[in-house]
file coords-v3.cif (mmCIF, C-alpha atoms)
data_my_file
loop_
_atom_site.label_atom_id
_atom_site.label_comp_id
_atom_site.auth_asym_id
_atom_site.auth_seq_id
_atom_site.Cartn_x
_atom_site.Cartn_y
_atom_site.Cartn_z
CA MET A 593 -47.45 132.91 18.12
CA SER A 594 -47.30 132.75 14.36
CA ASN A 595 -46.08 135.02 11.67
CA SER A 596 -48.98 137.26 10.70
CA PHE A 597 -50.72 136.88 7.38
CA LYS A 598 -51.79 139.97 5.42
CA PHE A 599 -55.16 139.50 3.79
CA THR A 600 -56.05 141.20 0.53
CA LYS A 601 -58.75 143.81 1.12
CA PRO A 602 -61.97 142.37 -0.34
CA GLU A 603 -63.31 144.49 -3.16
CA TRP A 604 -66.75 142.97 -3.12
CA GLU A 605 -69.52 145.39 -2.25
CA LEU A 606 -72.99 144.36 -1.10
CA LEU A 607 -75.67 145.97 -3.26
CA LYS A 608 -78.82 144.14 -2.11
CA ASP A 609 -79.76 141.79 0.72
CA LYS A 610 -83.20 140.18 0.45
CA LYS A 611 -84.48 137.71 3.05
CA LEU A 612 -86.17 134.84 1.21
CA PHE A 613 -87.11 132.51 4.04
CA GLU A 614 -86.89 132.22 7.81
CA THR A 615 -86.51 129.04 9.88
CA PRO A 616 -85.93 128.61 13.64
CA ILE A 617 -82.23 127.88 12.96
CA PHE A 618 -81.31 130.24 10.11
CA SER A 619 -82.72 132.61 7.53
CA LEU A 620 -81.96 132.32 3.81
CA HIS A 621 -80.87 135.53 2.06
CA GLN A 622 -80.26 136.38 -1.57
CA LEU A 623 -77.43 138.86 -2.06
CA GLU A 624 -76.30 140.94 -4.97
CA LEU A 625 -72.66 141.92 -4.93
CA ASN A 626 -70.68 144.57 -6.78
CA PRO A 627 -70.73 143.37 -10.40
CA ALA A 628 -67.20 144.69 -11.00
CA ARG A 629 -65.90 141.75 -8.97
CA GLN A 630 -68.72 139.31 -9.66
CA GLN A 631 -67.67 138.05 -13.04
CA SER A 632 -70.43 135.49 -13.45
CA LEU A 633 -73.20 137.89 -12.41
CA HIS A 634 -75.24 135.29 -10.53
CA PRO A 635 -76.87 136.08 -7.18
CA TYR A 636 -75.33 134.67 -3.98
CA TYR A 637 -77.23 132.82 -1.27
CA VAL A 638 -76.22 132.92 2.37
CA LEU A 639 -77.71 131.69 5.62
CA LYS A 640 -77.77 134.00 8.62
CA ALA A 641 -77.79 132.45 12.06
CA PRO A 642 -76.91 133.44 15.63
CA GLU A 643 -73.47 132.50 16.95
CA TRP A 644 -73.02 128.86 17.96
CA ILE A 645 -70.88 127.26 20.68
CA ASN A 646 -69.52 123.85 21.55
CA MET A 647 -67.21 122.54 24.24
CA PHE A 648 -64.85 119.82 25.47
CA PRO A 649 -66.40 119.00 28.90
CA LEU A 650 -63.67 117.18 30.85
CA THR A 651 -63.98 115.61 34.28
CA LYS A 652 -61.13 115.62 36.80
CA ASP A 653 -60.32 112.05 35.63
CA ASN A 654 -59.83 113.32 32.04
CA GLU A 655 -63.04 111.78 30.82
CA ILE A 656 -65.11 113.66 28.24
CA VAL A 657 -68.89 114.13 28.28
CA LEU A 658 -70.56 113.60 24.89
CA VAL A 659 -74.07 113.71 23.47
CA GLU A 660 -75.72 111.23 21.14
CA GLN A 661 -78.68 112.61 19.20
CA TYR A 662 -80.61 112.27 15.96
CA ARG A 663 -79.48 114.81 13.33
CA VAL A 664 -81.99 115.51 10.62
CA GLY A 665 -79.43 116.84 8.08
CA VAL A 666 -77.73 113.46 7.74
CA ASP A 667 -80.74 111.39 8.95
CA GLN A 668 -78.48 109.63 11.45
CA THR A 669 -77.81 109.44 15.15
CA THR A 670 -74.50 111.21 15.80
CA LEU A 671 -72.03 111.39 18.67
CA GLU A 672 -70.84 114.94 19.33
CA LEU A 673 -69.45 117.44 21.75
CA PRO A 674 -72.30 119.26 23.54
CA GLY A 675 -73.15 122.57 21.88
CA GLY A 676 -75.86 124.79 20.53
CA MET A 677 -77.01 128.26 19.69
CA VAL A 678 -76.29 131.49 21.53
CA ASP A 679 -79.70 132.92 22.57
CA ALA A 680 -80.54 136.62 22.26
CA GLY A 681 -79.01 138.58 25.14
CA GLU A 682 -76.55 135.82 26.01
CA SER A 683 -72.77 135.87 25.68
CA PRO A 684 -71.20 132.84 23.98
CA LEU A 685 -69.79 131.71 27.35
CA GLU A 686 -73.22 131.97 29.02
CA ALA A 687 -74.68 129.92 26.17
CA ALA A 688 -71.94 127.30 26.58
CA LYS A 689 -72.64 126.97 30.33
CA ARG A 690 -76.40 126.75 29.70
CA GLU A 691 -76.11 124.20 26.88
CA LEU A 692 -73.72 121.97 28.84
CA LEU A 693 -76.12 121.91 31.79
CA GLU A 694 -79.28 121.47 29.68
CA GLU A 695 -77.89 118.77 27.42
CA THR A 696 -75.80 116.77 29.89
CA GLY A 697 -76.51 117.88 33.47
CA TYR A 698 -72.81 118.68 33.93
CA LYS A 699 -71.34 122.00 35.02
CA SER A 700 -67.88 123.50 35.33
CA ASN A 701 -66.31 126.53 36.96
CA GLU A 702 -63.23 126.40 34.75
CA TRP A 703 -63.92 127.55 31.19
CA GLU A 704 -61.35 128.39 28.55
CA LEU A 705 -62.01 129.68 25.01
CA ILE A 706 -59.74 127.63 22.70
CA GLY A 707 -60.81 129.15 19.38
CA LYS A 708 -63.49 130.52 17.11
CA THR A 709 -64.36 128.88 13.81
CA SER A 710 -66.50 130.18 10.96
CA SER A 711 -69.28 127.59 10.78
CA ASN A 712 -69.07 127.67 6.98
CA PRO A 713 -67.76 130.94 5.50
CA ALA A 714 -69.04 130.10 2.02
CA ILE A 715 -72.72 129.98 3.01
CA LEU A 716 -73.10 130.89 6.70
CA ASN A 717 -72.43 134.24 8.37
CA ASN A 718 -71.85 132.96 11.88
CA PHE A 719 -68.97 131.69 14.00
CA THR A 720 -68.84 128.88 16.52
CA HIS A 721 -67.02 129.60 19.79
CA LEU A 722 -65.02 126.60 21.04
CA TYR A 723 -64.44 125.98 24.75
CA VAL A 724 -62.78 123.59 27.12
CA ALA A 725 -64.66 123.13 30.42
CA LYS A 726 -62.45 121.48 33.03
CA ASP A 727 -63.28 119.64 36.24
CA CYS A 728 -66.90 119.09 35.16
CA THR A 729 -69.25 117.62 37.77
CA TYR A 730 -72.71 116.08 37.40
CA THR A 731 -75.55 118.08 38.93
CA GLY A 732 -77.99 115.17 38.99
CA SER A 733 -80.16 115.85 35.92
CA ASN A 734 -80.20 117.26 32.43
CA ASN A 735 -83.03 119.11 30.71
CA PRO A 736 -82.82 119.16 26.92
CA ASP A 737 -85.13 121.23 24.69
CA GLY A 738 -88.43 119.69 23.66
CA SER A 739 -87.13 118.88 20.20
CA GLU A 740 -83.96 117.26 21.50
CA ASP A 741 -83.72 113.59 22.42
CA ILE A 742 -80.26 113.29 23.87
CA LYS A 743 -78.27 110.43 25.38
CA VAL A 744 -75.25 111.40 27.45
CA HIS A 745 -71.99 109.40 27.24
CA LYS A 746 -68.78 109.68 29.20
CA MET A 747 -65.50 108.11 28.13
CA PRO A 748 -61.73 108.58 28.42
CA LEU A 749 -60.55 111.51 26.29
CA ASN A 750 -58.30 109.24 24.23
CA ASP A 751 -61.22 106.95 23.37
CA PHE A 752 -63.06 110.00 22.04
CA LEU A 753 -60.05 110.98 19.91
CA ASP A 754 -59.97 107.41 18.56
CA LEU A 755 -63.66 107.75 17.61
CA VAL A 756 -62.86 110.98 15.75
CA ARG A 757 -59.95 109.31 13.99
CA ASP A 758 -62.04 106.35 12.81
CA GLY A 759 -64.95 108.53 11.63
CA THR A 760 -67.49 107.54 14.29
CA VAL A 761 -67.53 111.20 15.38
CA HIS A 762 -67.79 113.22 12.17
CA HIS A 763 -69.47 116.61 12.75
CA ALA A 764 -67.20 119.21 11.08
CA ILE A 765 -67.56 121.80 13.86
CA VAL A 766 -66.81 119.14 16.48
CA LEU A 767 -63.68 118.25 14.50
CA ALA A 768 -62.82 121.97 14.35
CA ALA A 769 -62.84 122.00 18.16
CA VAL A 770 -60.66 118.87 18.14
CA ALA A 771 -58.13 120.67 15.90
CA GLN A 772 -57.90 123.61 18.31
CA PHE A 773 -57.72 121.27 21.30
CA LEU A 774 -54.82 119.30 19.75
CA LEU A 775 -52.97 122.46 18.63
CA ASN A 776 -53.42 123.89 22.13
CA GLU A 777 -51.96 120.68 23.58
CA ARG A 778 -48.97 120.83 21.19
CA SER A 779 -48.13 124.42 22.14
CA GLU A 780 -48.22 123.73 25.90
CA MET R 322 -58.06 101.41 16.12
CA SER R 323 -60.63 102.46 18.69
CA ASN R 324 -63.23 100.68 20.70
CA SER R 325 -66.45 100.69 18.68
CA PHE R 326 -69.39 102.82 19.70
CA LYS R 327 -72.94 101.41 19.41
CA PHE R 328 -75.37 104.03 18.19
CA THR R 329 -79.01 104.01 19.21
CA LYS R 330 -81.21 103.22 16.21
CA PRO R 331 -82.92 106.48 15.23
CA GLU R 332 -86.71 106.25 15.59
CA TRP R 333 -87.40 109.30 13.47
CA GLU R 334 -89.32 108.61 10.30
CA LEU R 335 -89.50 110.99 7.35
CA LEU R 336 -93.11 111.75 6.41
CA LYS R 337 -92.72 114.58 3.89
CA ASP R 338 -89.85 116.22 2.00
CA LYS R 339 -90.72 119.43 0.14
CA LYS R 340 -88.12 121.41 -1.81
CA LEU R 341 -88.65 125.10 -1.07
CA PHE R 342 -85.81 126.72 -2.96
CA GLU R 343 -82.87 125.85 -5.18
CA THR R 344 -79.51 127.65 -5.41
CA PRO R 345 -76.34 126.68 -7.32
CA ILE R 346 -74.76 125.46 -4.04
CA PHE R 347 -77.64 123.82 -2.15
CA SER R 348 -81.40 123.36 -2.12
CA LEU R 349 -83.55 124.17 0.91
CA HIS R 350 -86.03 121.48 1.98
CA GLN R 351 -88.81 121.44 4.55
CA LEU R 352 -89.21 118.06 6.24
CA GLU R 353 -91.91 116.56 8.40
CA LEU R 354 -90.77 113.80 10.71
CA ASN R 355 -92.63 111.12 12.63
CA PRO R 356 -94.58 113.06 15.26
CA ALA R 357 -94.12 110.26 17.82
CA ARG R 358 -90.50 111.40 18.19
CA GLN R 359 -90.97 115.04 17.27
CA GLN R 360 -92.25 116.37 20.55
CA SER R 361 -92.44 120.02 19.52
CA LEU R 362 -94.19 119.29 16.21
CA HIS R 363 -92.36 121.97 14.24
CA PRO R 364 -91.12 121.33 10.69
CA TYR R 365 -87.41 120.78 10.07
CA TYR R 366 -85.32 122.57 7.45
CA VAL R 367 -82.33 120.99 5.77
CA LEU R 368 -80.01 121.90 2.95
CA LYS R 369 -79.14 119.29 0.35
CA ALA R 370 -75.85 119.64 -1.49
CA PRO R 371 -73.44 117.42 -3.44
CA GLU R 372 -70.45 115.99 -1.58
CA TRP R 373 -67.57 118.40 -0.95
CA ILE R 374 -63.82 117.82 -0.76
CA ASN R 375 -60.74 119.61 0.54
CA MET R 376 -57.08 118.70 0.79
CA PHE R 377 -53.68 119.30 2.39
CA PRO R 378 -51.50 119.87 -0.71
CA LEU R 379 -47.91 119.35 0.45
CA THR R 380 -44.75 119.86 -1.58
CA LYS R 381 -41.68 117.67 -1.17
CA ASP R 382 -40.23 120.41 1.10
CA ASN R 383 -43.24 120.07 3.44
CA GLU R 384 -44.75 123.35 2.35
CA ILE R 385 -48.52 123.63 2.03
CA VAL R 386 -50.44 125.28 -0.81
CA LEU R 387 -53.33 127.48 0.34
CA VAL R 388 -55.99 129.66 -1.27
CA GLU R 389 -57.06 133.13 -0.29
CA GLN R 390 -60.52 134.14 -1.50
CA TYR R 391 -63.52 136.28 -0.69
CA ARG R 392 -66.24 134.35 1.14
CA VAL R 393 -69.69 135.84 0.93
CA GLY R 394 -71.06 134.08 4.05
CA VAL R 395 -68.73 135.97 6.38
CA ASP R 396 -68.11 138.92 3.99
CA GLN R 397 -64.36 138.47 4.44
CA THR R 398 -61.32 137.29 2.58
CA THR R 399 -60.32 133.92 4.05
CA LEU R 400 -57.26 131.69 3.92
CA GLU R 401 -58.15 128.04 3.38
CA LEU R 402 -57.13 124.65 2.15
CA PRO R 403 -58.11 124.24 -1.51
CA GLY R 404 -61.45 122.50 -1.91
CA GLY R 405 -64.83 122.51 -3.55
CA MET R 406 -67.80 120.57 -4.75
CA VAL R 407 -67.90 117.10 -6.32
CA ASP R 408 -69.46 117.52 -9.77
CA ALA R 409 -72.04 115.08 -11.16
CA GLY R 410 -70.35 111.91 -12.42
CA GLU R 411 -67.12 112.59 -10.51
CA SER R 412 -65.70 110.61 -7.63
CA PRO R 413 -64.58 112.64 -4.60
CA LEU R 414 -60.93 111.91 -5.47
CA GLU R 415 -61.43 113.09 -9.07
CA ALA R 416 -63.01 116.28 -7.74
CA ALA R 417 -60.09 116.80 -5.35
CA LYS R 418 -57.56 116.45 -8.19
CA ARG R 419 -59.58 118.81 -10.41
CA GLU R 420 -60.09 121.45 -7.71
CA LEU R 421 -56.42 121.42 -6.69
CA LEU R 422 -55.35 121.98 -10.29
CA GLU R 423 -58.05 124.59 -11.06
CA GLU R 424 -57.59 126.60 -7.88
CA THR R 425 -53.81 126.42 -7.48
CA GLY R 426 -52.20 124.97 -10.60
CA TYR R 427 -50.61 122.22 -8.47
CA LYS R 428 -50.96 118.50 -9.00
CA SER R 429 -49.98 115.36 -7.14
CA ASN R 430 -49.73 111.65 -7.87
CA GLU R 431 -49.85 110.69 -4.19
CA TRP R 432 -53.31 111.09 -2.68
CA GLU R 433 -54.50 109.73 0.65
CA LEU R 434 -58.01 109.97 2.13
CA ILE R 435 -57.55 111.02 5.78
CA GLY R 436 -61.22 111.25 6.77
CA LYS R 437 -64.78 112.20 5.97
CA THR R 438 -66.65 114.85 7.93
CA SER R 439 -70.34 115.69 7.89
CA SER R 440 -70.33 119.30 6.70
CA ASN R 441 -73.01 120.14 9.30
CA PRO R 442 -75.21 117.20 10.32
CA ALA R 443 -77.83 119.48 11.88
CA ILE R 444 -78.71 121.29 8.66
CA LEU R 445 -76.73 119.79 5.74
CA ASN R 446 -77.04 116.30 4.26
CA ASN R 447 -73.57 116.09 2.73
CA PHE R 448 -70.10 115.02 3.76
CA THR R 449 -66.72 116.53 2.96
CA HIS R 450 -63.95 114.11 1.94
CA LEU R 451 -60.56 115.11 3.36
CA TYR R 452 -57.31 114.32 1.54
CA VAL R 453 -53.58 114.72 1.82
CA ALA R 454 -51.84 115.22 -1.54
CA LYS R 455 -48.09 114.68 -1.22
CA ASP R 456 -45.19 115.75 -3.42
CA CYS R 457 -47.29 118.42 -5.15
CA THR R 458 -45.70 120.15 -8.14
CA TYR R 459 -46.69 123.34 -9.96
CA THR R 460 -47.96 122.86 -13.51
CA GLY R 461 -47.46 126.47 -14.52
CA SER R 462 -50.98 127.92 -14.25
CA ASN R 463 -54.25 127.72 -12.39
CA ASN R 464 -57.73 128.21 -13.79
CA PRO R 465 -60.35 129.08 -11.17
CA ASP R 466 -64.10 129.23 -11.93
CA GLY R 467 -65.49 132.51 -13.21
CA SER R 468 -66.96 133.37 -9.82
CA GLU R 469 -63.74 132.63 -7.96
CA ASP R 470 -61.01 135.20 -7.45
CA ILE R 471 -58.25 133.20 -5.84
CA LYS R 472 -54.75 134.03 -4.64
CA VAL R 473 -52.44 131.09 -4.08
CA HIS R 474 -50.03 131.00 -1.11
CA LYS R 475 -47.34 128.53 -0.16
CA MET R 476 -45.79 128.32 3.30
CA PRO R 477 -44.14 125.84 5.67
CA LEU R 478 -46.71 123.43 7.12
CA ASN R 479 -45.96 124.59 10.67
CA ASP R 480 -46.66 128.22 9.75
CA PHE R 481 -50.07 127.10 8.49
CA LEU R 482 -50.76 125.26 11.76
CA ASP R 483 -49.78 128.45 13.63
CA LEU R 484 -52.28 130.41 11.52
CA VAL R 485 -54.99 127.88 12.44
CA ARG R 486 -54.05 128.11 16.11
CA ASP R 487 -54.24 131.93 16.17
CA GLY R 488 -57.57 132.04 14.28
CA THR R 489 -56.27 133.50 11.00
CA VAL R 490 -57.48 130.30 9.30
CA HIS R 491 -60.97 129.67 10.66
CA HIS R 492 -63.13 127.68 8.20
CA ALA R 493 -64.70 124.83 10.20
CA ILE R 494 -64.26 122.22 7.47
CA VAL R 495 -60.62 123.25 7.01
CA LEU R 496 -60.15 122.81 10.77
CA ALA R 497 -61.87 119.41 10.50
CA ALA R 498 -59.18 118.38 8.00
CA VAL R 499 -56.53 119.74 10.40
CA ALA R 500 -57.95 117.53 13.17
CA GLN R 501 -57.69 114.41 11.00
CA PHE R 502 -54.23 115.41 9.80
CA LEU R 503 -52.98 115.84 13.40
CA LEU R 504 -54.63 112.61 14.61
CA ASN R 505 -53.10 110.78 11.66
CA GLU R 506 -49.69 112.17 12.59
CA ARG R 507 -50.11 111.09 16.24
CA SER R 508 -50.98 107.52 15.29
CA GLU R 509 -48.01 107.11 12.94
#

call {"tool": "encode", "arguments": {"input": "coords-v3.cif", "output": "structure tokens"}}
result
Amino acid sequence: MSNSFKFTKPEWELLKDKKLFETPIFSLHQLELNPARQQSLHPYYVLKAPEWINMFPLTKDNEIVLVEQYRVGVDQTTLELPGGMVDAGESPLEAAKRELLEETGYKSNEWELIGKTSSNPAILNNFTHLYVAKDCTYTGSNNPDGSEDIKVHKMPLNDFLDLVRDGTVHHAIVLAAVAQFLLNERSE
Amino acid sequence: MSNSFKFTKPEWELLKDKKLFETPIFSLHQLELNPARQQSLHPYYVLKAPEWINMFPLTKDNEIVLVEQYRVGVDQTTLELPGGMVDAGESPLEAAKRELLEETGYKSNEWELIGKTSSNPAILNNFTHLYVAKDCTYTGSNNPDGSEDIKVHKMPLNDFLDLVRDGTVHHAIVLAAVAQFLLNERSE
């Protein structure tokens, strides 16, 4: 394990938190912070969202299960690790198992947490929990949400890493999981 | 290079785009998409923002230059690669050079684009351009924005990778750059 890093204690103090807008995915808040540290005196805007999860679903043959779906933010079809939102009352691991089954029809009995990434610490309050699911098997059918229109793909793990390298797979939180997966591999 | 992946042509069609709110970092938009593909008929919310950049600033001794700063989204002080927003009229590379100098006081004449990641394709329209800046040298002073309160750190590259591995460094877009850096290394 690494040398530890000592963070400076933040001296910012929250004075006001006003919810401006709510969507099914996040709510938009306007914050006022302690003016002693806020030299430019402008308000700050953050999104609040539940925790998210994604996972490397690997079969016993070291193939990875991926999802292709339309993403409205970039107005493109993307290729990604399966993932989603942790529902109320769920643990991140329960959400990961549910999302894998719903989106791909695959399940696993061998889950490992490989890291936790802040989805975007500048504007989002939440973290994404990153898993590897080994020995995944197909249950026979998937069952995505009504708003999801998902195609499932399976390919050798190294082909997936090539698609990350060449930019075909480009979702930042998917790449965050790739970083933890590769660092995990290096330390083994 | 990898096998190519053939994406399905997205059949979603944008019907309406209404800006709900504007902040200095992003604007919030409500979209209506082609109902033929939008089975649940709810509106979609996306954030529009300029392109972002970050970079691995490496010295000739293979040390990396990092920034510690308060991040309002997670209400924590974080340790990150330097980075920021591409200003109007700037190229991503120009922004990277400017941000490195402003945030850390370091500069480099040897820049390489190692990838481009969608900052969050589900809710954000923009991409983050990921660079390596080699042979960085200190100019004598940094000059962060008024709203930034940045501490600069320098450490061996491997110590930084250890801090990513153990979760001390956790920003998703920083980890995305780590993924491309490691994949780049593997393919060399």

call {"tool": "resolve_selection", "arguments": {"input": "coords-v3.cif", "expression": "the PyMOL selection byres ((chain R and resi 335-344) around 12)", "output": "mmCIF file with C-alpha atoms, in the frame of the given file"}}
result
data_model
loop_
_atom_site.group_PDB
_atom_site.id
_atom_site.type_symbol
_atom_site.label_atom_id
_atom_site.label_comp_id
_atom_site.auth_asym_id
_atom_site.auth_seq_id
_atom_site.Cartn_x
_atom_site.Cartn_y
_atom_site.Cartn_z
ATOM 1 C CA LEU A 612 -86.170 134.840 1.210
ATOM 2 C CA PHE A 613 -87.110 132.510 4.040
ATOM 3 C CA GLU A 614 -86.890 132.220 7.810
ATOM 4 C CA THR A 615 -86.510 129.040 9.880
ATOM 5 C CA LEU A 620 -81.960 132.320 3.810
ATOM 6 C CA HIS A 621 -80.870 135.530 2.060
ATOM 7 C CA GLN A 622 -80.260 136.380 -1.570
ATOM 8 C CA LEU A 623 -77.430 138.860 -2.060
ATOM 9 C CA HIS A 634 -75.240 135.290 -10.530
ATOM 10 C CA PRO A 635 -76.870 136.080 -7.180
ATOM 11 C CA TYR A 636 -75.330 134.670 -3.980
ATOM 12 C CA TYR A 637 -77.230 132.820 -1.270
ATOM 13 C CA VAL A 638 -76.220 132.920 2.370
ATOM 14 C CA LEU A 639 -77.710 131.690 5.620
ATOM 15 C CA VAL A 664 -81.990 115.510 10.620
ATOM 16 C CA GLY A 665 -79.430 116.840 8.080
ATOM 17 C CA ASP A 667 -80.740 111.390 8.950
ATOM 18 C CA GLN A 668 -78.480 109.630 11.450
ATOM 19 C CA ILE A 715 -72.720 129.980 3.010
ATOM 20 C CA PRO R 331 -82.920 106.480 15.230
ATOM 21 C CA GLU R 332 -86.710 106.250 15.590
ATOM 22 C CA TRP R 333 -87.400 109.300 13.470
ATOM 23 C CA GLU R 334 -89.320 108.610 10.300
ATOM 24 C CA PRO R 345 -76.340 126.680 -7.320
ATOM 25 C CA ILE R 346 -74.760 125.460 -4.040
ATOM 26 C CA PHE R 347 -77.640 123.820 -2.150
ATOM 27 C CA SER R 348 -81.400 123.360 -2.120
ATOM 28 C CA LEU R 349 -83.550 124.170 0.910
ATOM 29 C CA HIS R 350 -86.030 121.480 1.980
ATOM 30 C CA GLN R 351 -88.810 121.440 4.550
ATOM 31 C CA LEU R 352 -89.210 118.060 6.240
ATOM 32 C CA GLU R 353 -91.910 116.560 8.400
ATOM 33 C CA LEU R 354 -90.770 113.800 10.710
ATOM 34 C CA ASN R 355 -92.630 111.120 12.630
ATOM 35 C CA PRO R 356 -94.580 113.060 15.260
ATOM 36 C CA ALA R 357 -94.120 110.260 17.820
ATOM 37 C CA ARG R 358 -90.500 111.400 18.190
ATOM 38 C CA GLN R 359 -90.970 115.040 17.270
ATOM 39 C CA PRO R 364 -91.120 121.330 10.690
ATOM 40 C CA TYR R 365 -87.410 120.780 10.070
ATOM 41 C CA TYR R 366 -85.320 122.570 7.450
ATOM 42 C CA VAL R 367 -82.330 120.990 5.770
ATOM 43 C CA LEU R 368 -80.010 121.900 2.950
ATOM 44 C CA LYS R 369 -79.140 119.290 0.350
ATOM 45 C CA ALA R 370 -75.850 119.640 -1.490
#

call {"tool": "interface_residues", "arguments": {"input": "coords-v3.cif", "of": "chain A", "to": "chain R", "cutoff": "6 Å", "atoms": "only C-alpha atoms", "output": "PyMOL selection string"}}
result
chain A and resi 594+602+631-632+638+663-666+669+709-711+713-717+738-739+754+762-765+767-768+770-771

call {"tool": "residues_around", "arguments": {"input": "coords-v3.cif", "residues": "stretch 424-434 of chain R", "least_positions_apart": "6", "cutoff": "7 Å", "atoms": "all atoms listed in the file", "output": "compact mmCIF listing (two decimals) with C-alpha atoms, keeping the file's coordinate frame"}}
result
# COMPACT_ATOMS: atom_id res chain seq x y z
CA PRO R 403 -58.11 124.24 -1.51
CA LYS R 418 -57.56 116.45 -8.19
CA LEU R 451 -60.56 115.11 3.36
CA TYR R 452 -57.31 114.32 1.54
CA VAL R 453 -53.58 114.72 1.82
CA ALA R 454 -51.84 115.22 -1.54
CA LYS R 455 -48.09 114.68 -1.22
CA ASP R 456 -45.19 115.75 -3.42
CA CYS R 457 -47.29 118.42 -5.15
CA THR R 458 -45.70 120.15 -8.14
CA TYR R 459 -46.69 123.34 -9.96
CA THR R 460 -47.96 122.86 -13.51
CA GLY R 461 -47.46 126.47 -14.52
CA SER R 462 -50.98 127.92 -14.25
CA ASN R 463 -54.25 127.72 -12.39
CA ASN R 464 -57.73 128.21 -13.79
CA PRO R 465 -60.35 129.08 -11.17
CA ILE R 471 -58.25 133.20 -5.84
CA VAL R 473 -52.44 131.09 -4.08

call {"tool": "closest_residue", "arguments": {"input": "coords-v3.cif", "among": "R:Leu422, R:Met406, R:Ala417, R:Met476", "to": "R:Met376", "atoms": "only C-alpha atoms"}}
result
R:Ala417

call {"tool": "atom_distance", "arguments": {"input": "coords-v3.cif", "atom1": "atom CA of A:Glu672", "atom2": "atom CA of A:Leu650"}}
result
13.8 Å

call {"tool": "atom_distance", "arguments": {"input": "coords-v3.cif", "atom1": "atom CA of R:Ala416", "atom2": "atom CA of R:Asp382"}}
result
24.8 Å

call {"tool": "atom_distance", "arguments": {"input": "coords-v3.cif", "atom1": "atom CA of R:Glu509", "atom2": "atom CA of R:Gly404"}}
result
25.3 Å

call {"tool": "build_atoms", "arguments": {"input": "coords-v3.cif", "residues": "stretch 361-373 of chain R", "atoms": "N, CA and C atoms", "output": "PDB file, in the frame of the given file"}}
result
ATOM      1  N   SER R 361     -91.997 118.629  19.640  1.00  0.00           N
ATOM      2  CA  SER R 361     -92.440 120.020  19.520  1.00  0.00           C
ATOM      3  C   SER R 361     -93.222 120.264  18.223  1.00  0.00           C
ATOM      4  N   LEU R 362     -93.325 119.257  17.397  1.00  0.00           N
ATOM      5  CA  LEU R 362     -94.190 119.290  16.210  1.00  0.00           C
ATOM      6  C   LEU R 362     -93.847 120.327  15.152  1.00  0.00           C
ATOM      7  N   HIS R 363     -92.685 120.991  15.278  1.00  0.00           N
ATOM      8  CA  HIS R 363     -92.360 121.970  14.240  1.00  0.00           C
ATOM      9  C   HIS R 363     -91.718 121.278  13.035  1.00  0.00           C
ATOM     10  N   PRO R 364     -91.792 121.906  11.862  1.00  0.00           N
ATOM     11  CA  PRO R 364     -91.120 121.330  10.690  1.00  0.00           C
ATOM     12  C   PRO R 364     -89.610 121.483  10.829  1.00  0.00           C
ATOM     13  N   TYR R 365     -88.863 120.687  10.085  1.00  0.00           N
ATOM     14  CA  TYR R 365     -87.410 120.780  10.070  1.00  0.00           C
ATOM     15  C   TYR R 365     -86.948 121.262   8.708  1.00  0.00           C
ATOM     16  N   TYR R 366     -85.839 122.020   8.696  1.00  0.00           N
ATOM     17  CA  TYR R 366     -85.320 122.570   7.450  1.00  0.00           C
ATOM     18  C   TYR R 366     -83.914 122.047   7.232  1.00  0.00           C
ATOM     19  N   VAL R 367     -83.671 121.475   6.084  1.00  0.00           N
ATOM     20  CA  VAL R 367     -82.330 120.990   5.770  1.00  0.00           C
ATOM     21  C   VAL R 367     -81.904 121.470   4.392  1.00  0.00           C
ATOM     22  N   LEU R 368     -80.597 121.561   4.233  1.00  0.00           N
ATOM     23  CA  LEU R 368     -80.010 121.900   2.950  1.00  0.00           C
ATOM     24  C   LEU R 368     -79.460 120.625   2.328  1.00  0.00           C
ATOM     25  N   LYS R 369     -79.734 120.428   1.053  1.00  0.00           N
ATOM     26  CA  LYS R 369     -79.140 119.290   0.350  1.00  0.00           C
ATOM     27  C   LYS R 369     -78.117 119.830  -0.650  1.00  0.00           C
ATOM     28  N   ALA R 370     -76.963 119.195  -0.643  1.00  0.00           N
ATOM     29  CA  ALA R 370     -75.850 119.640  -1.490  1.00  0.00           C
ATOM     30  C   ALA R 370     -75.061 118.425  -1.923  1.00  0.00           C
ATOM     31  N   PRO R 371     -74.332 118.525  -3.053  1.00  0.00           N
ATOM     32  CA  PRO R 371     -73.440 117.420  -3.440  1.00  0.00           C
ATOM     33  C   PRO R 371     -72.323 117.274  -2.396  1.00  0.00           C
ATOM     34  N   GLU R 372     -71.599 116.166  -2.452  1.00  0.00           N
ATOM     35  CA  GLU R 372     -70.450 115.990  -1.580  1.00  0.00           C
ATOM     36  C   GLU R 372     -69.417 117.088  -1.843  1.00  0.00           C
ATOM     37  N   TRP R 373     -68.659 117.427  -0.820  1.00  0.00           N
ATOM     38  CA  TRP R 373     -67.570 118.400  -0.950  1.00  0.00           C
ATOM     39  C   TRP R 373     -66.242 117.696  -0.666  1.00  0.00           C
TER      40      TRP R 373
END
